[in-house]
Amino acid sequence: MSTREDLARFRALEIDASSIGLERSAGFKPYFCTPEGAEPVGTLGCDGVHFILLPGDQRVFCVDPAMGEEGTYVLPVGADFREFLSFLLYCRDANPLSQIWRMTEEQFRALLAEDSAARERGDMPEYFAASDAALTAVAEAFGLEPWDPFAPVKALQRAFDPAGLVFSDEYYDVLGLENPRGTAAASGAHPYTLEIPTETGGEET
């Protein structure tokens with residue numbers, strides 16, 4: 001299956017996607033650094049971090065408005081949606097995937113250890129119960145095993161050229177960069193709105 005077919009299959013799962021860092025919400029508004037034509041996958045629900053697909057591309061990308069900078073606002077975190085889900089199963093949440101670009105391997109392992117310790121202490125039992133149920137459903141629906149993402153995601157990001165990304169006028173205004181289109185964004189306006197589908201029984205937030 002293609003990435004978009006797999007995404008549609010994921011959306012049909014009756015899970016609490018927010019418990020694994022892929023919150024679904026209708027009417028999500030893009031940030032200044034969300035590329036044009038982006039198709040939303042889900043959001044972390046904090047700091048504006050969200051995951052997207054781009055036109056004509058099988059890869060899954062992470063957009064990080066808070067910690068990113070020119071060249072790192074948008075980076076790949078999976079060669080396709082199934083690979084992304086395998087990485088998600090390993091991390092047990094999308095949050096660690098969003099941070100790989102700025103972490104050493106030691107820092108990444110420490111973050112995973114912190115999350116595991118929280119589970120073992122019995123912190124937020126309802127949240128982790130929903131998370132475990134969602135991860136089990138994903139693994140069974142796609143026939144996937146957890147895959148350590150650190151090395152493959154680092155390799156994807158090293159090979160990625162952000163020069164091919166297309167941004168709105170707002171992106172250039174916010175960063176004070178020359179706009180290759182020679183146009184300017186309307187003050188305070190978003191040029192488009194992304195919709196994260198919540199149909200077919202998926203958890204709505």
# chains A, B, ... in the order shown; residues from 1 in each chain; ligands from 1

call {"tool": "select_by_dssp", "arguments": {"residues": "region 11-192 of chain A", "states": "strand (DSSP E)", "output": "JSON, numbers by chain"}}
result
{"A": [39, 40, 41, 42, 43, 50, 51, 52, 53, 60, 61, 62, 63, 74, 75, 76, 77, 78]}

call {"tool": "closest_atom_pairs", "arguments": {"of": "region 84-203 of chain A", "to": "region 46-50 of chain A", "cutoff": "10 Å", "atoms": "only C-alpha atoms", "output": "CSV"}}
result
residue,atom,partner,partner_atom,distance
A:Ala94,CA,A:His50,CA,9.6
A:Asn95,CA,A:Val49,CA,8.8
A:Ser98,CA,A:Val49,CA,7.6

call {"tool": "write_last_selection", "arguments": {"atoms": "C-alpha atoms", "output": "short mmCIF file (atom, residue, chain, number, x, y, z; two decimals), in the first residue's frame"}}
result
data_model
loop_
_atom_site.label_atom_id
_atom_site.label_comp_id
_atom_site.auth_asym_id
_atom_site.auth_seq_id
_atom_site.Cartn_x
_atom_site.Cartn_y
_atom_site.Cartn_z
CA ALA A 94 5.55 10.38 18.42
CA ASN A 95 7.25 12.93 20.68
CA SER A 98 10.05 14.86 16.73
#

call {"tool": "closest_residue", "arguments": {"among": "A:Pro55, A:Gly122, A:Gly42, A:Gly37", "to": "Ser25 (chain A)", "atoms": "only C-alpha atoms"}}
result
A:Gly42

call {"tool": "residues_around", "arguments": {"residues": "region 127-139 of chain A", "least_positions_apart": "4", "cutoff": "12 Å", "atoms": "only C-alpha atoms", "output": "MDAnalysis selection string"}}
result
chainID A and resid 6:7 9:23 81:94 115:123 143:147 202:203

call {"tool": "write_last_selection", "arguments": {"atoms": "C-alpha atoms", "output": "mmCIF file, in the first residue's frame"}}
result
data_model
loop_
_atom_site.group_PDB
_atom_site.id
_atom_site.type_symbol
_atom_site.label_atom_id
_atom_site.label_comp_id
_atom_site.auth_asym_id
_atom_site.auth_seq_id
_atom_site.Cartn_x
_atom_site.Cartn_y
_atom_site.Cartn_z
ATOM 1 C CA ASP A 6 -1.894 3.448 4.964
ATOM 2 C CA LEU A 7 -2.758 6.827 6.469
ATOM 3 C CA ARG A 9 -6.269 2.882 7.226
ATOM 4 C CA PHE A 10 -4.712 4.420 10.331
ATOM 5 C CA ARG A 11 -7.419 7.077 10.506
ATOM 6 C CA ALA A 12 -10.062 4.343 10.465
ATOM 7 C CA LEU A 13 -8.705 2.721 13.628
ATOM 8 C CA GLU A 14 -10.863 3.253 16.698
ATOM 9 C CA ILE A 15 -8.083 4.493 18.935
ATOM 10 C CA ASP A 16 -7.186 7.526 21.017
ATOM 11 C CA ALA A 17 -4.536 8.866 18.650
ATOM 12 C CA SER A 18 -3.687 11.705 21.026
ATOM 13 C CA SER A 19 -2.316 9.119 23.488
ATOM 14 C CA ILE A 20 0.501 8.322 21.038
ATOM 15 C CA GLY A 21 1.246 11.891 19.991
ATOM 16 C CA LEU A 22 -0.881 11.991 16.841
ATOM 17 C CA GLU A 23 -3.833 14.041 17.997
ATOM 18 C CA PHE A 81 3.935 5.820 6.692
ATOM 19 C CA ARG A 82 4.536 2.185 7.652
ATOM 20 C CA GLU A 83 8.131 2.915 8.552
ATOM 21 C CA PHE A 84 6.957 5.893 10.584
ATOM 22 C CA LEU A 85 4.519 3.645 12.464
ATOM 23 C CA SER A 86 7.281 1.098 13.154
ATOM 24 C CA PHE A 87 9.360 3.905 14.673
ATOM 25 C CA LEU A 88 6.314 5.030 16.649
ATOM 26 C CA LEU A 89 5.889 1.516 18.072
ATOM 27 C CA TYR A 90 9.506 1.552 19.241
ATOM 28 C CA CYS A 91 9.249 4.992 20.881
ATOM 29 C CA ARG A 92 5.683 4.343 22.090
ATOM 30 C CA ASP A 93 4.864 7.970 21.270
ATOM 31 C CA ALA A 94 5.550 10.384 18.422
ATOM 32 C CA ASP A 115 9.040 7.608 29.393
ATOM 33 C CA SER A 116 9.481 3.950 30.339
ATOM 34 C CA ALA A 117 10.094 4.892 33.975
ATOM 35 C CA ALA A 118 6.849 6.890 34.048
ATOM 36 C CA ARG A 119 4.957 3.834 32.847
ATOM 37 C CA GLU A 120 6.619 1.600 35.419
ATOM 38 C CA ARG A 121 5.814 4.027 38.260
ATOM 39 C CA GLY A 122 2.162 3.903 37.294
ATOM 40 C CA ASP A 123 1.991 7.587 36.408
ATOM 41 C CA GLY A 143 1.448 -6.340 11.019
ATOM 42 C CA LEU A 144 4.378 -4.234 12.234
ATOM 43 C CA GLU A 145 7.197 -4.736 14.721
ATOM 44 C CA PRO A 146 8.936 -1.910 16.621
ATOM 45 C CA TRP A 147 11.993 -0.532 14.817
ATOM 46 C CA GLY A 202 -11.242 7.617 15.108
ATOM 47 C CA GLU A 203 -10.884 9.421 18.407
#

call {"tool": "residues_around", "arguments": {"residues": "Thr34 (chain A)", "least_positions_apart": "5", "cutoff": "8 Å", "atoms": "only C-alpha atoms", "output": "PyMOL selection string"}}
result
chain A and resi 63+74+167

call {"tool": "atom_distance", "arguments": {"atom1": "CA of Val174 (chain A)", "atom2": "CA of Thr104 (chain A)"}}
result
29.1 Å

call {"tool": "atom_distance", "arguments": {"atom1": "CA of Asp57 (chain A)", "atom2": "CA of Ala8 (chain A)"}}
result
15.6 Å
